[in-house]
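See below for protein_13.csv, which holds CSV, C-alpha atoms.
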```csv
chain,number,residue,atom,x,y,z
A,1,MET,CA,8.5,18.7,-18.1
A,2,LEU,CA,5.9,16.1,-18.9
A,3,GLY,CA,7.4,14.8,-22.2
A,4,LEU,CA,5.5,13.9,-25.3
A,5,LEU,CA,2.5,12.5,-23.5
A,6,ASN,CA,0.3,15.1,-22.0
A,7,ILE,CA,-1.5,13.6,-19.0
A,8,SER,CA,-4.1,15.8,-17.4
A,9,GLU,CA,-4.3,16.2,-13.6
A,10,ALA,CA,-7.6,14.2,-13.6
A,11,MET,CA,-5.8,11.4,-15.4
A,12,SER,CA,-2.9,11.5,-13.0
A,13,ILE,CA,-5.3,11.4,-10.0
A,14,ALA,CA,-7.1,8.4,-11.5
A,15,LEU,CA,-4.0,6.4,-12.3
A,16,HIS,CA,-2.3,7.2,-9.0
A,17,THR,CA,-5.4,6.5,-6.9
A,18,CYS,CA,-6.1,3.2,-8.6
A,19,ALA,CA,-2.4,2.1,-8.2
A,20,TRP,CA,-2.6,3.2,-4.5
A,21,LEU,CA,-5.8,1.2,-3.9
A,22,ALA,CA,-4.4,-1.8,-5.7
A,23,GLU,CA,-1.8,-2.3,-3.0
A,24,THR,CA,-4.6,-3.2,-0.5
A,25,PRO,CA,-7.6,-3.9,-2.8
A,26,GLU,CA,-9.9,-5.4,-0.2
A,27,SER,CA,-9.7,-2.4,2.1
A,28,TYR,CA,-11.5,0.9,2.0
A,29,GLN,CA,-9.0,3.8,2.1
A,30,SER,CA,-9.6,7.3,3.3
A,31,ALA,CA,-10.1,9.7,0.4
A,32,ARG,CA,-8.7,12.5,2.4
A,33,GLN,CA,-5.6,10.5,3.3
A,34,ILE,CA,-5.0,9.5,-0.3
A,35,SER,CA,-5.5,13.0,-1.7
A,36,ASN,CA,-3.2,14.5,1.0
A,37,GLN,CA,-0.5,11.8,0.6
A,38,LEU,CA,-0.5,12.2,-3.2
A,39,GLY,CA,-0.8,16.0,-3.1
A,40,PHE,CA,-4.0,16.4,-5.0
A,41,SER,CA,-6.8,18.9,-4.4
A,42,SER,CA,-9.4,17.2,-2.3
A,43,HIS,CA,-12.2,18.7,-4.5
A,44,HIS,CA,-10.6,17.6,-7.8
A,45,PHE,CA,-9.8,14.2,-6.2
A,46,ALA,CA,-13.5,13.7,-5.2
A,47,LYS,CA,-14.7,14.5,-8.7
A,48,VAL,CA,-12.3,11.9,-10.2
A,49,VAL,CA,-13.3,9.3,-7.6
A,50,GLN,CA,-16.9,9.8,-8.6
A,51,GLN,CA,-16.1,9.3,-12.3
A,52,LEU,CA,-14.2,6.1,-11.4
A,53,ALA,CA,-17.1,4.8,-9.3
A,54,ARG,CA,-19.6,5.6,-12.0
A,55,ALA,CA,-17.4,3.6,-14.4
A,56,GLY,CA,-17.5,0.6,-12.0
A,57,LEU,CA,-13.8,0.7,-11.1
A,58,LEU,CA,-14.2,1.9,-7.5
A,59,GLU,CA,-16.6,1.4,-4.7
A,60,THR,CA,-17.2,4.1,-2.2
A,61,GLU,CA,-18.5,4.1,1.4
A,62,ARG,CA,-19.5,7.2,3.4
A,63,GLY,CA,-18.8,7.7,7.0
A,64,PRO,CA,-15.8,7.6,9.4
A,65,ALA,CA,-15.0,4.0,8.4
A,66,GLY,CA,-15.7,4.7,4.7
A,67,GLY,CA,-13.6,5.7,1.8
A,68,CYS,CA,-13.0,4.0,-1.5
A,69,ARG,CA,-11.6,0.7,-2.8
A,70,LEU,CA,-11.3,-1.1,-6.1
A,71,ALA,CA,-14.5,-2.6,-7.3
A,72,ARG,CA,-12.6,-5.5,-9.0
A,73,PRO,CA,-9.3,-7.3,-8.4
A,74,PRO,CA,-6.3,-5.3,-9.7
A,75,ASP,CA,-5.6,-8.0,-12.3
A,76,ALA,CA,-9.0,-7.4,-13.8
A,77,ILE,CA,-8.5,-3.6,-14.4
A,78,ASN,CA,-6.3,-2.3,-17.2
A,79,LEU,CA,-4.9,1.2,-17.6
A,80,LEU,CA,-7.0,1.9,-20.7
A,81,GLU,CA,-10.2,1.4,-18.6
A,82,ILE,CA,-8.9,4.0,-16.0
A,83,TYR,CA,-7.9,6.4,-18.8
A,84,ARG,CA,-11.4,6.2,-20.3
A,85,ALA,CA,-13.1,6.4,-16.9
A,86,ALA,CA,-11.2,9.6,-16.1
A,87,GLY,CA,-12.5,11.2,-19.4
A,88,GLY,CA,-9.7,10.3,-21.7
A,89,GLN,CA,-10.5,9.8,-25.4
A,90,PRO,CA,-7.8,7.6,-26.8
A,91,ASP,CA,-9.0,7.7,-30.4
A,92,TYR,CA,-6.7,9.4,-32.8
A,93,THR,CA,-8.2,12.5,-34.4
A,94,GLY,CA,-5.7,13.3,-37.2
A,95,CYS,CA,-2.8,15.7,-37.9
A,96,LEU,CA,-1.6,18.2,-35.4
A,97,LEU,CA,-2.6,21.0,-37.9
A,98,ARG,CA,-6.1,22.2,-38.1
A,99,HIS,CA,-8.3,19.7,-39.9
A,100,ASP,CA,-9.3,22.2,-42.6
A,101,ILE,CA,-5.5,22.2,-43.6
A,102,CYS,CA,-4.7,18.5,-43.0
A,103,LYS,CA,-6.9,15.6,-41.7
A,104,GLY,CA,-3.8,13.5,-41.1
A,105,ASP,CA,-4.8,10.6,-43.5
A,106,GLY,CA,-2.5,11.7,-46.3
A,107,CYS,CA,0.6,13.0,-44.6
A,108,ALA,CA,3.6,11.0,-43.1
A,109,LEU,CA,3.3,12.7,-39.7
A,110,GLY,CA,-0.4,12.0,-39.4
A,111,LYS,CA,0.2,8.3,-40.3
A,112,LEU,CA,3.0,8.1,-37.8
A,113,MET,CA,0.9,9.7,-35.1
A,114,ALA,CA,-1.9,7.3,-35.8
A,115,LYS,CA,0.4,4.2,-35.7
A,116,GLU,CA,2.0,5.3,-32.4
A,117,ASN,CA,-1.4,6.1,-30.8
A,118,ASP,CA,-2.6,2.6,-31.8
A,119,ARG,CA,0.5,1.1,-30.2
A,120,LEU,CA,-0.1,3.1,-27.0
A,121,VAL,CA,-3.8,2.1,-26.8
A,122,ALA,CA,-2.8,-1.6,-27.3
A,123,LEU,CA,-0.2,-1.3,-24.5
A,124,LEU,CA,-2.7,0.3,-22.1
A,125,LYS,CA,-5.1,-2.5,-22.7
A,126,THR,CA,-2.5,-5.1,-21.6
A,127,VAL,CA,-1.1,-3.3,-18.5
A,128,THR,CA,-3.1,-4.2,-15.4
A,129,LEU,CA,-3.1,-2.5,-12.0
A,130,ALA,CA,-1.6,-5.7,-10.6
A,131,SER,CA,1.4,-5.4,-12.9
A,132,VAL,CA,1.8,-1.8,-12.0
A,133,VAL,CA,1.8,-2.6,-8.3
A,134,ARG,CA,4.4,-5.4,-8.8
A,135,SER,CA,6.6,-2.9,-10.7
A,136,LEU,CA,6.2,-0.3,-8.0
A,137,LYS,CA,7.2,-2.8,-5.3
A,138,ARG,CA,10.3,-3.9,-7.3
A,139,ASN,CA,11.4,-0.3,-8.2
A,140,ARG,CA,11.0,1.6,-5.0
A,141,ILE,CA,14.2,3.3,-4.0
A,142,GLY,CA,14.9,4.5,-0.5
A,143,ARG,CA,11.9,4.9,1.7
A,144,PRO,CA,8.7,3.5,0.4
A,145,LEU,CA,5.7,5.6,-0.3
A,146,ALA,CA,3.7,5.9,2.9
A,147,ALA,CA,1.7,2.7,3.2
A,148,PRO,CA,-2.1,3.2,2.9
A,149,ALA,CA,-3.9,3.0,6.2
A,150,SER,CA,-5.8,-0.2,6.0
A,151,ARG,CA,-9.5,-0.3,6.8
A,152,THR,CA,-11.0,-3.7,6.6
A,153,ALA,CA,-13.7,-4.5,4.1
A,154,ARG,CA,-17.2,-4.8,5.4
```
Is it possible to give me this structure as structure tokens?
Amino acid sequence: MLGLLNISEAMSIALHTCAWLAETPESYQSARQISNQLGFSSHHFAKVVQQLARAGLLETERGPAGGCRLARPPDAINLLEIYRAAGGQPDYTGCLLRHDICKGDGCALGKLMAKENDRLVALLKTVTLASVVRSLKRNRIGRPLAAPASRTAR
């Protein structure tokens, strides 16, 4: 059960990949290893990595020593940037009903949804990858997630 927020697989890939790369931001990481470790389809993973690279969030390098890495330091990337780069549209579009019935600007539910959407967007703007990594390190229980295989930057 995903809860109230409906996060697409592309969004999950984008967020998890960036968090993974933020643990060793200076190193290229194998795309195959990341997709295998996180359980994502390698084809879908490759498409999302391309989107993140086009948005300027990742750098990619081909070849046996290649892979991907963050294009900027983790404290300079926020979750809203990742959300948008992966195709997310955070703008509120009105009521949950069809727009010919209710546009959401006059009903209590529409106003509530707009207010909460604005709060979530504001939060995503303030949460950086660096803070996510700090939180992950503090909250890991039991065995840690397999550490990324480090490949030194060129």
Once 5 Å is added on each side, what centre and edge lengths in Å to one decimal does the axis-aligned box around all listed atoms of region 55-72 of chain A have, as JSON?
```
{"center_x": -15.4, "center_y": 1.1, "center_z": -2.5, "size_x": 18.2, "size_y": 23.2, "size_z": 33.8}
```
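Nearest to Lys137 (chain A) of all the residues A:Gln51, A:Leu70, A:Ala10, A:Trp20 is A:Trp20, counting all atoms listed in the file.
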What does the distance between CA of Ala76 (chain A) and CA of Arg62 (chain A) come to in Å, to one decimal place?
24.9 Å
CA of Arg119 (chain A) and CA of Glu9 (chain A) are how many Å apart?
22.9 Å
As an exercise, work out the distance from CA of Ala65 (chain A) to CA of Ala85 (chain A) in Å and give it to one decimal place.
25.5 Å
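Counting all atoms listed in the file and comparing A:Asn78, A:Ser42, A:Ser12, A:Asn36, the residue that lies closest to Ala130 (chain A) is A:Asn78.
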Find the spatial neighbours of Ser8 (chain A), counting all atoms listed in the file, within a cut-off of 12 Å - ignore same-chain residues fewer than 6 positions away - and output them as a short mmCIF file (atom, residue, chain, number, x, y, z; two decimals) with C-alpha atoms, in the coordinates of the input.
```cif
data_model
loop_
_atom_site.label_atom_id
_atom_site.label_comp_id
_atom_site.auth_asym_id
_atom_site.auth_seq_id
_atom_site.Cartn_x
_atom_site.Cartn_y
_atom_site.Cartn_z
CA LEU A 2 5.90 16.10 -18.90
CA ALA A 14 -7.10 8.40 -11.50
CA LEU A 15 -4.00 6.40 -12.30
CA HIS A 44 -10.60 17.60 -7.80
CA VAL A 48 -12.30 11.90 -10.20
CA TYR A 83 -7.90 6.40 -18.80
CA ALA A 86 -11.20 9.60 -16.10
CA GLY A 87 -12.50 11.20 -19.40
CA GLY A 88 -9.70 10.30 -21.70
CA GLN A 89 -10.50 9.80 -25.40
#
```
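You can rank A:Val127, A:Ser30, A:Gly104, A:Leu120 by their closest distance to Gly63 (chain A) using all atoms listed in the file, and at the top of that list sits A:Ser30.
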